[in-house]
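Undergrad: Here you go, coords.txt (compact mmCIF, C-alpha atoms and all ligand atoms):
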# COMPACT_ATOMS: atom_id res chain seq x y z
CA MET A 1 16.24 -27.56 2.21
CA LYS A 2 17.40 -31.19 2.24
CA LYS A 3 19.73 -30.35 5.10
CA THR A 4 16.89 -28.77 7.04
CA LEU A 5 14.67 -31.78 6.44
CA ALA A 6 17.42 -34.17 7.46
CA LEU A 7 18.08 -32.15 10.59
CA ALA A 8 14.40 -31.99 11.46
CA LEU A 9 14.10 -35.73 10.91
CA ALA A 10 17.13 -36.39 13.11
CA VAL A 11 15.62 -34.26 15.88
CA VAL A 12 12.27 -36.03 15.58
CA MET A 13 13.94 -39.45 15.64
CA SER A 14 16.28 -38.67 18.51
CA LEU A 15 13.36 -37.50 20.58
CA GLY A 16 11.49 -40.67 19.62
CA LEU A 17 8.52 -38.64 18.48
CA LEU A 18 5.86 -39.80 16.09
CA ALA A 19 4.67 -37.77 13.12
CA GLY A 20 2.32 -35.08 14.33
CA CYS A 21 3.91 -34.71 17.72
CA GLY A 22 7.17 -33.14 16.66
CA PRO A 23 8.81 -29.90 17.68
CA LYS A 24 6.79 -26.72 17.28
CA GLU A 25 9.62 -24.64 15.73
CA PRO A 26 9.26 -23.84 12.06
CA ALA A 27 11.11 -26.62 10.26
CA ASN A 28 10.41 -25.32 6.80
CA ASN A 29 12.80 -23.28 4.74
CA GLY A 30 10.77 -21.67 1.97
CA GLY A 31 12.78 -19.41 -0.23
CA THR A 32 12.09 -16.09 -1.82
CA SER A 33 13.50 -15.30 -5.16
CA ASN A 34 13.02 -11.67 -5.80
CA PRO A 35 15.33 -10.64 -4.20
CA PRO A 36 16.32 -13.39 -1.76
CA SER A 37 18.38 -11.13 0.45
CA SER A 38 15.65 -8.69 1.49
CA ALA A 39 12.76 -11.04 2.27
CA SER A 40 12.82 -13.20 5.35
CA GLN A 41 11.97 -16.85 5.60
CA PRO A 42 8.39 -18.02 6.03
CA GLN A 43 7.19 -18.65 9.56
CA GLY A 44 5.19 -21.60 10.82
CA GLY A 45 4.72 -24.92 9.05
CA ALA A 46 4.74 -28.61 9.59
CA SER A 47 4.98 -29.75 13.17
CA SER A 48 7.11 -32.64 12.04
CA ILE A 49 8.92 -33.20 8.78
CA PRO A 50 9.59 -36.81 7.90
CA ASP A 51 11.37 -37.65 4.62
CA ALA A 52 9.94 -35.80 1.65
CA PRO A 53 9.31 -37.90 -1.45
CA ALA A 54 11.50 -37.27 -4.47
CA GLY A 55 8.59 -35.97 -6.54
CA GLY A 56 6.79 -37.73 -9.34
CA GLY A 57 3.27 -37.64 -7.88
CA THR A 58 0.22 -35.92 -9.31
CA VAL A 59 -0.89 -32.51 -8.10
CA GLY A 60 -4.15 -30.69 -8.78
CA VAL A 61 -3.91 -26.90 -8.61
CA CYS A 62 -7.13 -24.85 -8.34
CA ILE A 63 -6.78 -21.11 -9.05
CA TYR A 64 -9.68 -18.76 -8.24
CA LYS A 65 -9.47 -17.21 -11.68
CA PHE A 66 -6.82 -17.17 -14.39
CA ASP A 67 -7.74 -13.60 -15.34
CA ASP A 68 -5.90 -12.06 -12.36
CA ALA A 69 -2.49 -10.52 -12.94
CA PHE A 70 -0.85 -11.49 -9.65
CA MET A 71 -2.30 -15.01 -9.55
CA THR A 72 -1.04 -15.53 -13.11
CA THR A 73 2.54 -14.95 -11.94
CA TYR A 74 1.86 -17.17 -8.94
CA ARG A 75 0.36 -20.08 -10.88
CA ASN A 76 3.16 -19.97 -13.46
CA ALA A 77 5.70 -20.15 -10.63
CA LEU A 78 3.85 -23.07 -9.04
CA GLN A 79 3.69 -24.96 -12.32
CA GLU A 80 7.39 -24.42 -12.99
CA ILE A 81 8.52 -25.45 -9.52
CA LEU A 82 6.29 -28.52 -9.41
CA GLU A 83 7.22 -29.69 -12.91
CA GLY A 84 10.88 -29.01 -12.15
CA LYS A 85 10.55 -31.45 -9.27
CA GLY A 86 8.98 -34.10 -11.49
CA TYR A 87 5.34 -33.76 -10.46
CA LYS A 88 2.52 -34.15 -12.98
CA VAL A 89 0.51 -30.96 -12.58
CA THR A 90 -2.95 -29.98 -13.73
CA THR A 91 -3.97 -26.36 -13.09
CA VAL A 92 -7.61 -25.34 -13.48
CA ASP A 93 -9.41 -21.99 -13.72
CA GLY A 94 -12.25 -21.49 -11.22
CA ASN A 95 -13.54 -18.44 -13.15
CA ASN A 96 -14.22 -16.83 -9.76
CA ASP A 97 -17.14 -19.25 -9.35
CA GLN A 98 -17.05 -21.26 -6.12
CA SER A 99 -19.50 -23.93 -7.29
CA LYS A 100 -17.37 -24.50 -10.38
CA GLN A 101 -14.26 -24.78 -8.18
CA ASN A 102 -16.04 -27.27 -5.88
CA GLU A 103 -16.65 -29.48 -8.92
CA GLN A 104 -13.02 -29.16 -9.95
CA ILE A 105 -11.88 -30.24 -6.48
CA ASN A 106 -14.23 -33.24 -6.62
CA THR A 107 -12.93 -34.17 -10.07
CA PHE A 108 -9.33 -34.08 -8.84
CA ILE A 109 -10.33 -36.28 -5.90
CA THR A 110 -12.06 -38.77 -8.20
CA GLN A 111 -8.96 -38.83 -10.39
CA GLY A 112 -6.92 -39.74 -7.32
CA VAL A 113 -4.40 -36.87 -7.23
CA ASP A 114 -1.74 -37.19 -4.54
CA ALA A 115 -2.07 -33.60 -3.33
CA LEU A 116 -4.10 -30.45 -3.90
CA ILE A 117 -3.05 -26.80 -3.91
CA ILE A 118 -6.16 -24.59 -3.71
CA ASN A 119 -6.63 -20.84 -4.07
CA PRO A 120 -10.29 -20.62 -2.97
CA CYS A 121 -12.71 -18.47 -4.97
CA MET A 122 -14.36 -17.37 -1.75
CA THR A 123 -12.95 -17.23 1.75
CA SER A 124 -16.40 -18.19 3.02
CA ALA A 125 -16.08 -21.57 1.25
CA ALA A 126 -13.20 -22.64 3.50
CA ASP A 127 -15.29 -24.92 5.75
CA SER A 128 -16.74 -26.90 2.88
CA ILE A 129 -13.43 -27.15 1.02
CA ILE A 130 -11.70 -28.39 4.17
CA ALA A 131 -14.47 -30.92 4.85
CA THR A 132 -14.22 -32.21 1.27
CA VAL A 133 -10.44 -32.73 1.24
CA LYS A 134 -10.54 -34.21 4.72
CA ALA A 135 -13.20 -36.76 3.74
CA ALA A 136 -11.01 -37.75 0.78
CA ASN A 137 -7.85 -37.74 2.95
CA ILE A 138 -5.94 -35.62 0.40
CA PRO A 139 -2.97 -33.57 1.64
CA THR A 140 -3.91 -29.96 0.83
CA VAL A 141 -2.19 -26.60 0.74
CA LEU A 142 -4.49 -23.59 0.68
CA ILE A 143 -3.01 -20.43 -0.80
CA ASN A 144 -3.79 -16.70 -1.10
CA ARG A 145 -7.06 -16.64 0.92
CA GLU A 146 -6.52 -17.48 4.53
CA PRO A 147 -9.14 -19.37 6.53
CA THR A 148 -9.29 -18.93 10.29
CA ALA A 149 -7.09 -21.10 12.54
CA GLU A 150 -10.27 -22.74 13.88
CA GLN A 151 -11.40 -23.71 10.39
CA MET A 152 -8.02 -25.22 9.54
CA ALA A 153 -7.87 -27.12 12.83
CA ALA A 154 -10.52 -29.47 11.41
CA TYR A 155 -7.89 -31.24 9.27
CA ASP A 156 -4.28 -31.92 10.21
CA LYS A 157 -3.11 -32.60 6.63
CA LEU A 158 -3.92 -29.03 5.68
CA VAL A 159 -1.71 -25.94 5.68
CA TYR A 160 -2.14 -22.36 4.51
CA VAL A 161 0.68 -20.52 2.72
CA GLY A 162 0.36 -16.78 2.20
CA CYS A 163 1.32 -13.41 3.60
CA ASP A 164 0.11 -11.27 6.47
CA ALA A 165 -1.76 -8.54 4.58
CA ARG A 166 -1.51 -6.17 7.54
CA GLN A 167 2.19 -5.88 6.74
CA SER A 168 1.52 -4.80 3.14
CA GLY A 169 -1.02 -2.19 4.24
CA THR A 170 1.41 -0.76 6.78
CA MET A 171 4.13 -0.58 4.13
CA GLN A 172 1.81 1.32 1.78
CA GLY A 173 1.22 3.89 4.51
CA GLU A 174 4.97 4.10 5.12
CA LEU A 175 5.59 4.77 1.44
CA ILE A 176 3.39 7.84 1.78
CA LEU A 177 5.00 8.92 5.07
CA ASP A 178 8.40 8.66 3.37
CA THR A 179 7.49 11.38 0.83
CA PRO A 180 8.87 14.90 1.45
CA ASN A 181 5.50 16.27 2.64
CA LYS A 182 4.27 12.98 4.19
CA GLY A 183 1.36 12.88 1.76
CA ASP A 184 0.05 16.33 2.67
CA ILE A 185 0.77 17.92 -0.68
CA ASN A 186 -1.38 21.02 -0.19
CA GLY A 187 -0.17 21.57 3.38
CA ASP A 188 -3.64 21.79 4.90
CA GLY A 189 -2.66 19.50 7.77
CA LYS A 190 -4.44 16.37 6.53
CA ILE A 191 -3.87 13.65 3.98
CA SER A 192 -6.87 13.44 1.63
CA TYR A 193 -7.04 10.09 -0.11
CA ILE A 194 -9.16 7.76 -2.16
CA MET A 195 -9.06 4.01 -1.50
CA ILE A 196 -9.51 1.61 -4.42
CA GLN A 197 -10.22 -1.69 -2.76
CA GLY A 198 -9.85 -5.26 -4.01
CA ASP A 199 -12.62 -7.79 -3.48
CA PRO A 200 -13.80 -6.83 0.03
CA GLU A 201 -14.61 -10.49 0.84
CA ASN A 202 -10.85 -11.08 0.75
CA ILE A 203 -8.89 -10.47 3.95
CA ASP A 204 -6.04 -8.97 1.86
CA ALA A 205 -8.39 -6.19 0.75
CA GLN A 206 -9.72 -5.62 4.27
CA TYR A 207 -6.32 -5.47 5.94
CA ARG A 208 -4.61 -3.39 3.25
CA THR A 209 -7.43 -0.86 3.42
CA GLU A 210 -7.28 -0.67 7.20
CA PHE A 211 -3.54 -0.79 7.81
CA SER A 212 -2.45 1.64 5.07
CA VAL A 213 -4.49 4.36 6.76
CA LYS A 214 -3.58 3.16 10.26
CA ALA A 215 0.11 3.70 9.45
CA LEU A 216 -0.70 7.34 8.72
CA THR A 217 -2.77 7.94 11.84
CA ASP A 218 -0.28 6.00 14.01
CA ALA A 219 2.33 8.50 12.79
CA GLY A 220 0.11 11.31 14.05
CA MET A 221 -1.22 12.40 10.67
CA GLU A 222 -4.77 13.54 10.15
CA VAL A 223 -6.55 11.79 7.30
CA GLU A 224 -9.61 12.43 5.16
CA GLU A 225 -11.20 9.64 3.13
CA LEU A 226 -12.74 11.18 0.02
CA ASP A 227 -13.92 7.87 -1.42
CA LEU A 228 -13.63 4.11 -0.94
CA GLN A 229 -14.81 1.78 -3.67
CA ARG A 230 -14.32 -1.83 -4.59
CA GLY A 231 -12.31 -2.40 -7.75
CA ASP A 232 -12.13 -6.22 -7.37
CA TRP A 233 -8.37 -6.27 -8.13
CA ASP A 234 -9.23 -5.27 -11.70
CA ARG A 235 -7.27 -2.77 -13.83
CA GLU A 236 -10.26 -1.37 -15.72
CA LYS A 237 -12.27 -0.89 -12.54
CA GLY A 238 -9.28 0.89 -10.99
CA GLN A 239 -9.16 3.20 -13.98
CA THR A 240 -12.88 3.99 -13.90
CA ILE A 241 -13.04 4.59 -10.14
CA CYS A 242 -10.01 6.88 -10.25
CA ALA A 243 -11.33 8.79 -13.28
CA ASN A 244 -14.68 9.42 -11.57
CA ASP A 245 -12.99 10.47 -8.33
CA LEU A 246 -10.63 12.84 -10.14
CA ALA A 247 -13.61 14.40 -11.90
CA GLN A 248 -15.46 14.77 -8.59
CA PHE A 249 -12.68 15.72 -6.16
CA GLY A 250 -9.97 17.13 -8.46
CA ASP A 251 -6.97 18.61 -6.65
CA GLN A 252 -8.37 17.61 -3.28
CA ILE A 253 -6.99 14.10 -3.90
CA GLU A 254 -3.46 13.86 -2.58
CA VAL A 255 -3.08 10.09 -2.32
CA VAL A 256 -4.49 7.18 -4.33
CA PHE A 257 -4.26 3.96 -2.34
CA CYS A 258 -4.83 0.83 -4.44
CA ASN A 259 -5.05 -2.58 -2.78
CA ASN A 260 -3.07 -4.02 -5.72
CA ASP A 261 -0.88 -2.97 -8.63
CA ASP A 262 -3.25 -3.89 -11.42
CA MET A 263 -5.78 -1.35 -10.12
CA ALA A 264 -2.94 1.15 -9.60
CA ILE A 265 -1.87 0.80 -13.24
CA GLY A 266 -5.49 1.52 -14.22
CA ALA A 267 -5.59 4.49 -11.83
CA LEU A 268 -2.35 5.81 -13.32
CA GLN A 269 -3.96 5.99 -16.77
CA SER A 270 -6.72 8.18 -15.31
CA ILE A 271 -4.23 10.31 -13.37
CA GLN A 272 -2.26 10.94 -16.54
CA SER A 273 -5.41 11.65 -18.60
CA ALA A 274 -6.41 14.22 -15.97
CA GLY A 275 -3.06 15.97 -16.43
CA ARG A 276 -1.87 15.16 -12.93
CA LYS A 277 1.73 14.16 -12.20
CA VAL A 278 2.54 11.42 -9.70
CA ASN A 279 5.04 12.41 -7.00
CA GLU A 280 4.47 16.10 -7.82
CA ASP A 281 0.77 16.77 -7.26
CA ILE A 282 -0.54 13.29 -6.32
CA TYR A 283 0.84 10.06 -4.82
CA LEU A 284 0.00 6.54 -5.99
CA VAL A 285 0.78 3.22 -4.30
CA GLY A 286 -0.11 -0.41 -5.00
CA VAL A 287 0.82 -3.93 -3.86
CA ASP A 288 2.24 -6.97 -5.73
CA ALA A 289 5.29 -5.57 -7.58
CA LEU A 290 3.98 -6.63 -10.98
CA ASP A 291 6.50 -5.93 -13.74
CA ALA A 292 4.35 -3.07 -15.05
CA ALA A 293 4.29 -1.45 -11.61
CA LEU A 294 8.04 -1.86 -11.13
CA ASN A 295 8.52 -0.01 -14.42
CA GLU A 296 6.25 2.80 -13.26
CA VAL A 297 8.01 3.09 -9.89
CA SER A 298 11.30 3.23 -11.73
CA ASN A 299 9.95 5.92 -14.11
CA GLY A 300 8.55 7.97 -11.22
CA ASN A 301 4.92 7.34 -12.22
CA MET A 302 4.13 5.38 -9.07
CA THR A 303 5.24 6.42 -5.59
CA GLY A 304 5.95 2.83 -4.65
CA THR A 305 4.59 -0.67 -4.35
CA VAL A 306 5.01 -3.70 -2.09
CA LEU A 307 6.44 -7.01 -3.26
CA ASN A 308 3.87 -9.78 -2.87
CA ASP A 309 6.37 -12.56 -3.37
CA ALA A 310 4.68 -14.99 -5.77
CA VAL A 311 7.79 -17.12 -6.26
CA GLY A 312 8.52 -17.22 -2.53
CA GLN A 313 4.94 -18.25 -1.78
CA ALA A 314 4.92 -20.87 -4.56
CA THR A 315 8.21 -22.25 -3.22
CA ALA A 316 6.83 -22.42 0.32
CA ALA A 317 3.57 -23.99 -0.89
CA VAL A 318 5.45 -26.77 -2.67
CA GLU A 319 7.70 -27.33 0.37
CA GLN A 320 4.68 -27.67 2.64
CA MET A 321 2.97 -29.97 0.13
CA GLU A 322 6.07 -32.18 0.12
CA ALA A 323 6.12 -32.20 3.91
CA LEU A 324 2.49 -33.39 3.85
CA LEU A 325 3.27 -36.02 1.22
CA GLY A 326 6.10 -37.21 3.45
CA GLY A 327 3.57 -37.80 6.23
CA ALA A 328 3.81 -34.55 8.18
CA THR A 329 0.80 -33.33 10.07
CA PHE A 330 0.01 -29.83 11.25
CA SER A 331 -1.13 -29.07 14.75
CA SER A 332 -3.89 -26.59 15.45
CA GLY A 333 -2.64 -23.00 15.56
CA ASN A 334 0.45 -23.94 13.55
CA GLN A 335 -1.13 -24.25 10.11
CA SER A 336 -0.23 -20.90 8.53
CA VAL A 337 3.08 -20.25 6.81
CA TYR A 338 3.79 -16.59 6.02
CA VAL A 339 6.17 -15.11 3.48
CA ASP A 340 7.23 -11.51 4.11
CA TYR A 341 6.21 -8.57 1.97
CA VAL A 342 8.96 -6.13 0.90
CA LYS A 343 8.61 -2.38 0.39
CA VAL A 344 9.57 -1.24 -3.13
CA THR A 345 10.69 2.38 -3.54
CA PRO A 346 12.40 4.32 -6.34
CA ASP A 347 15.66 3.70 -4.43
CA ASN A 348 15.54 -0.09 -4.38
CA VAL A 349 13.26 -0.85 -7.37
CA GLY A 350 16.26 -1.91 -9.46
CA ASP A 351 16.77 -4.90 -7.12
CA PHE A 352 13.38 -6.27 -8.12
CA MET A 353 13.55 -5.77 -11.88
CA GLY A 354 14.50 -8.71 -14.07
C1 LIG B 401 -3.84 -10.57 -3.55
C2 LIG B 401 -3.15 -9.82 -4.68
C3 LIG B 401 -4.17 -9.33 -5.66
C4 LIG B 401 -5.05 -10.48 -6.11
C5 LIG B 401 -5.63 -11.21 -4.91
C6 LIG B 401 -6.46 -12.41 -5.34
O1 LIG B 401 -2.88 -11.07 -2.66
O2 LIG B 401 -2.46 -8.71 -4.15
O3 LIG B 401 -3.55 -8.73 -6.77
O4 LIG B 401 -4.29 -11.36 -6.88
O5 LIG B 401 -4.58 -11.63 -4.07
O6 LIG B 401 -7.01 -13.04 -4.22
Kindly present the structure from the file in structure tokens form.
TA:
Amino acid sequence: MKKTLALALAVVMSLGLLAGCGPKEPANNGGTSNPPSSASQPQGGASSIPDAPAGGGTVGVCIYKFDDAFMTTYRNALQEILEGKGYKVTTVDGNNDQSKQNEQINTFITQGVDALIINPCMTSAADSIIATVKAANIPTVLINREPTAEQMAAYDKLVYVGCDARQSGTMQGELILDTPNKGDINGDGKISYIMIQGDPENIDAQYRTEFSVKALTDAGMEVEELDLQRGDWDREKGQTICANDLAQFGDQIEVVFCNNDDMAIGALQSIQSAGRKVNEDIYLVGVDALDAALNEVSNGNMTGTVLNDAVGQATAAVEQMEALLGGATFSSGNQSVYVDYVKVTPDNVGDFMG
């Protein structure tokens, strides 16, 4: 990391460029931890990387809600990395309430934090959040809910760190295509599935829903959607939706697509209560690679999942925050940094387990 920064700085200096006008190549070097070998480096990032400070500033972290399994792993990773670098960190729970989060952002600004890391409650709040941090001139990293490039272009001390959810959807479809009967358990020539969706306001939910099925149809498979319902990333909702669908559609259901693992763990409880057996008479896939899901993939109770690399994203978020604190600016169209998803199957699940 230091080497990369030093190199980037040398390039910027030798070209005589000012901050904000530097080279367009990604200069960041965000890591992944789980496992480092199989995930690639984030793309995009600061357009120039002057010296990063040694740490020791204050950082306000806004999480959309603490009661979310994946974001709990993510916020713990953020806290650990930031504190390990000597920052004073305060992390607050937005309770999935955008007006509450707006107040929390304003409080952090009043307190004079050096930087903000924000996981918005609502994607639709991006414009107002960006206007607020810009007016206060606070370097800000948005995480987990991606605004549009146009929205981010309003403020050059702003960067988004996340993943391209299309990739995770495609991988979910591939997990089904990789099964012996390509998801068509009853051999009737079509894959009959239910889709348990996250919060549909979230681009992750939209893309995973679309691209998981697209992977199937792109491979020439016929598909039949028996049901699609929002489960808001929530385990209990996943369980209830799956139980109702199993009661209504029974053996017709061949595949249960869940936009995340927490809902898949809930769905698994209903699958087991209904006497069905994953990988024999039904397939089940999620996203995130939560510990509970890794255990179920390893035990054969989930067909697979997709690593949503919380530690890699937290690492990249802190790197970008440090670039901003060092004076970097982000040019329009170059404000998103992506960390790769990784497919998790029974064959490689051991690589991801602690
Ligand atoms: C997704 C993740 C979900 C949930 C959501 C919150 O990336 O897969 O489990 O945490 O973010 O926005």
Undergrad: Could you list, with a cut-off of 10 Å and counting only C-alpha atoms and all ligand atoms, the residues of chain A near ligand LIG 401 (chain B), each shown with its nearest atom pair and the distance in Å rounded to one decimal, rows sorted by chain and ascending number, as a Markdown table?
TA:
| residue | atom | partner | partner_atom | distance |
| --- | --- | --- | --- | --- |
| A:Ile63 | CA | B:LIG401 | O6 | 9.4 |
| A:Tyr64 | CA | B:LIG401 | O6 | 7.5 |
| A:Lys65 | CA | B:LIG401 | C6 | 8.5 |
| A:Phe66 | CA | B:LIG401 | O4 | 9.8 |
| A:Asp67 | CA | B:LIG401 | O4 | 9.4 |
| A:Asp68 | CA | B:LIG401 | O4 | 5.8 |
| A:Ala69 | CA | B:LIG401 | O4 | 6.4 |
| A:Phe70 | CA | B:LIG401 | O4 | 4.4 |
| A:Met71 | CA | B:LIG401 | O4 | 4.9 |
| A:Thr72 | CA | B:LIG401 | O4 | 8.2 |
| A:Thr73 | CA | B:LIG401 | O4 | 9.2 |
| A:Tyr74 | CA | B:LIG401 | O4 | 8.7 |
| A:Asn96 | CA | B:LIG401 | O6 | 9.9 |
| A:Asn119 | CA | B:LIG401 | O6 | 7.8 |
| A:Pro120 | CA | B:LIG401 | O6 | 8.4 |
| A:Cys121 | CA | B:LIG401 | O6 | 7.9 |
| A:Met122 | CA | B:LIG401 | O6 | 8.9 |
| A:Thr123 | CA | B:LIG401 | O6 | 9.4 |
| A:Ile143 | CA | B:LIG401 | O6 | 9.1 |
| A:Asn144 | CA | B:LIG401 | O6 | 5.8 |
| A:Arg145 | CA | B:LIG401 | O6 | 6.3 |
| A:Glu146 | CA | B:LIG401 | O6 | 9.8 |
| A:Gly162 | CA | B:LIG401 | O1 | 8.2 |
| A:Cys163 | CA | B:LIG401 | O1 | 7.9 |
| A:Asp164 | CA | B:LIG401 | O1 | 9.6 |
| A:Ala165 | CA | B:LIG401 | O1 | 7.8 |
| A:Ser168 | CA | B:LIG401 | O2 | 9.2 |
| A:Gly198 | CA | B:LIG401 | C3 | 7.2 |
| A:Asp199 | CA | B:LIG401 | O6 | 7.7 |
| A:Glu201 | CA | B:LIG401 | O6 | 9.5 |
| A:Asn202 | CA | B:LIG401 | O6 | 6.6 |
| A:Ile203 | CA | B:LIG401 | O6 | 8.8 |
| A:Asp204 | CA | B:LIG401 | O1 | 5.9 |
| A:Ala205 | CA | B:LIG401 | C1 | 7.6 |
| A:Arg208 | CA | B:LIG401 | O2 | 9.4 |
| A:Asp232 | CA | B:LIG401 | C4 | 8.4 |
| A:Trp233 | CA | B:LIG401 | O3 | 5.6 |
| A:Asp234 | CA | B:LIG401 | O3 | 8.3 |
| A:Arg235 | CA | B:LIG401 | O3 | 10.0 |
| A:Cys258 | CA | B:LIG401 | O2 | 9.8 |
| A:Asn259 | CA | B:LIG401 | O2 | 6.8 |
| A:Asn260 | CA | B:LIG401 | O3 | 4.8 |
| A:Asp261 | CA | B:LIG401 | O3 | 6.6 |
| A:Asp262 | CA | B:LIG401 | O3 | 6.7 |
| A:Met263 | CA | B:LIG401 | O3 | 8.4 |
| A:Gly286 | CA | B:LIG401 | O2 | 8.7 |
| A:Val287 | CA | B:LIG401 | O2 | 5.8 |
| A:Asp288 | CA | B:LIG401 | O2 | 5.3 |
| A:Ala289 | CA | B:LIG401 | O2 | 9.0 |
| A:Leu290 | CA | B:LIG401 | O3 | 8.9 |
| A:Val306 | CA | B:LIG401 | O2 | 9.2 |
| A:Leu307 | CA | B:LIG401 | O2 | 9.1 |
| A:Asn308 | CA | B:LIG401 | O2 | 6.5 |
| A:Asp309 | CA | B:LIG401 | O1 | 9.4 |
| A:Ala310 | CA | B:LIG401 | O1 | 9.1 |
Undergrad: What does the structure give for the distance between CA of Asn102 (chain A) and CA of Ile130 (chain A), in Å to one decimal?
TA: 11.0 Å
Undergrad: CA of Ile282 (chain A) and CA of Gly183 (chain A) are how many Å apart?
TA: 8.3 Å
Undergrad: Name the closest residue to Thr132 (chain A) among the candidates A:Glu150, A:Phe330, A:Ala323, A:Tyr155; distances are taken between atoms, counting all atoms listed in the file.
TA: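 Answer, going by the shortest atom-to-atom distance: A:Tyr155.
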Undergrad: Quick one: pull the distance between CA of Val339 (chain A) and CA of Lys214 (chain A), Å, one decimal.
TA: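 Atom-to-atom, CA of Val339 (chain A) and CA of Lys214 (chain A) are spaced 21.8 Å apart.
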Undergrad: Quick one: residues within 10 Å of Glu83 (chain A), only C-alpha atoms, excluding same-chain residues fewer than 6 positions away - as a list in words?
TA: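 Final neighbour list, sorted by chain and number: Gly55, Gly56, Val59, Ala77 and Val89 of chain A.
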Undergrad: Output C-alpha atoms of each residue in that selection to a file, as a JSON list (two decimals), in the frame of the given file.
TA:
[["chain", "number", "residue", "atom", "x", "y", "z"],
["A", 55, "GLY", "CA", 8.59, -35.97, -6.54],
["A", 56, "GLY", "CA", 6.79, -37.73, -9.34],
["A", 59, "VAL", "CA", -0.89, -32.51, -8.10],
["A", 77, "ALA", "CA", 5.70, -20.15, -10.63],
["A", 89, "VAL", "CA", 0.51, -30.96, -12.58]]
Undergrad: Where does region 130-231 of chain A meet region 265-274 of chain A within 12 Å, residue by residue, with the nearest atom pair and distance in Å to one decimal for each, counting only C-alpha atoms, listed by chain and rising number, as a Markdown table?
TA:
| residue | atom | partner | partner_atom | distance |
| --- | --- | --- | --- | --- |
| A:Ile194 | CA | A:Ala267 | CA | 10.8 |
| A:Met195 | CA | A:Ala267 | CA | 10.9 |
| A:Ile196 | CA | A:Ala267 | CA | 8.9 |
| A:Gln197 | CA | A:Ala267 | CA | 11.9 |
| A:Gly231 | CA | A:Gly266 | CA | 10.2 |
Undergrad: Skipping near chain neighbours, those fewer than 3 positions away, what residues fall within 8 Å of Ile81 (chain A) using all atoms listed in the file, listed as a short mmCIF file (atom, residue, chain, number, x, y, z; two decimals) with C-alpha atoms, keeping the file's coordinate frame?
TA:
data_model
loop_
_atom_site.label_atom_id
_atom_site.label_comp_id
_atom_site.auth_asym_id
_atom_site.auth_seq_id
_atom_site.Cartn_x
_atom_site.Cartn_y
_atom_site.Cartn_z
CA ALA A 77 5.70 -20.15 -10.63
CA LEU A 78 3.85 -23.07 -9.04
CA GLY A 84 10.88 -29.01 -12.15
CA LYS A 85 10.55 -31.45 -9.27
CA ALA A 314 4.92 -20.87 -4.56
CA THR A 315 8.21 -22.25 -3.22
CA VAL A 318 5.45 -26.77 -2.67
#
Undergrad: If you count only C-alpha atoms, which residues fall within 8 Å of Met321 (chain A), apart from same-chain ones fewer than 3 positions away, as an MDAnalysis selection string?
TA: chainID A and resid 115 117 139:141 317:318 324:325
Undergrad: Identify which of the residues A:Lys182, A:Lys100, A:Arg75, A:Lys134 lies closest to Gly220 (chain A), counting all atoms listed in the file when measuring atom-to-atom distances.
TA: A:Lys182
Undergrad: Restricting the calculation to only C-alpha atoms: of A:Ala264, A:Ala215, A:Ala126, A:Val256, which residue gets closest to Ala153 (chain A)?
TA: A:Ala126
Undergrad: Nearest to Gly250 (chain A) among A:Tyr193, A:Leu158, A:Lys237, A:Asn76, with distances taken over all atoms listed in the file: which residue is it?
TA: A:Tyr193
Undergrad: Using all atoms listed in the file, which of the listed residues (A:Leu175, A:Cys242, A:Ala131, A:Ala292) sits closest to Arg230 (chain A)?
TA: A:Cys242
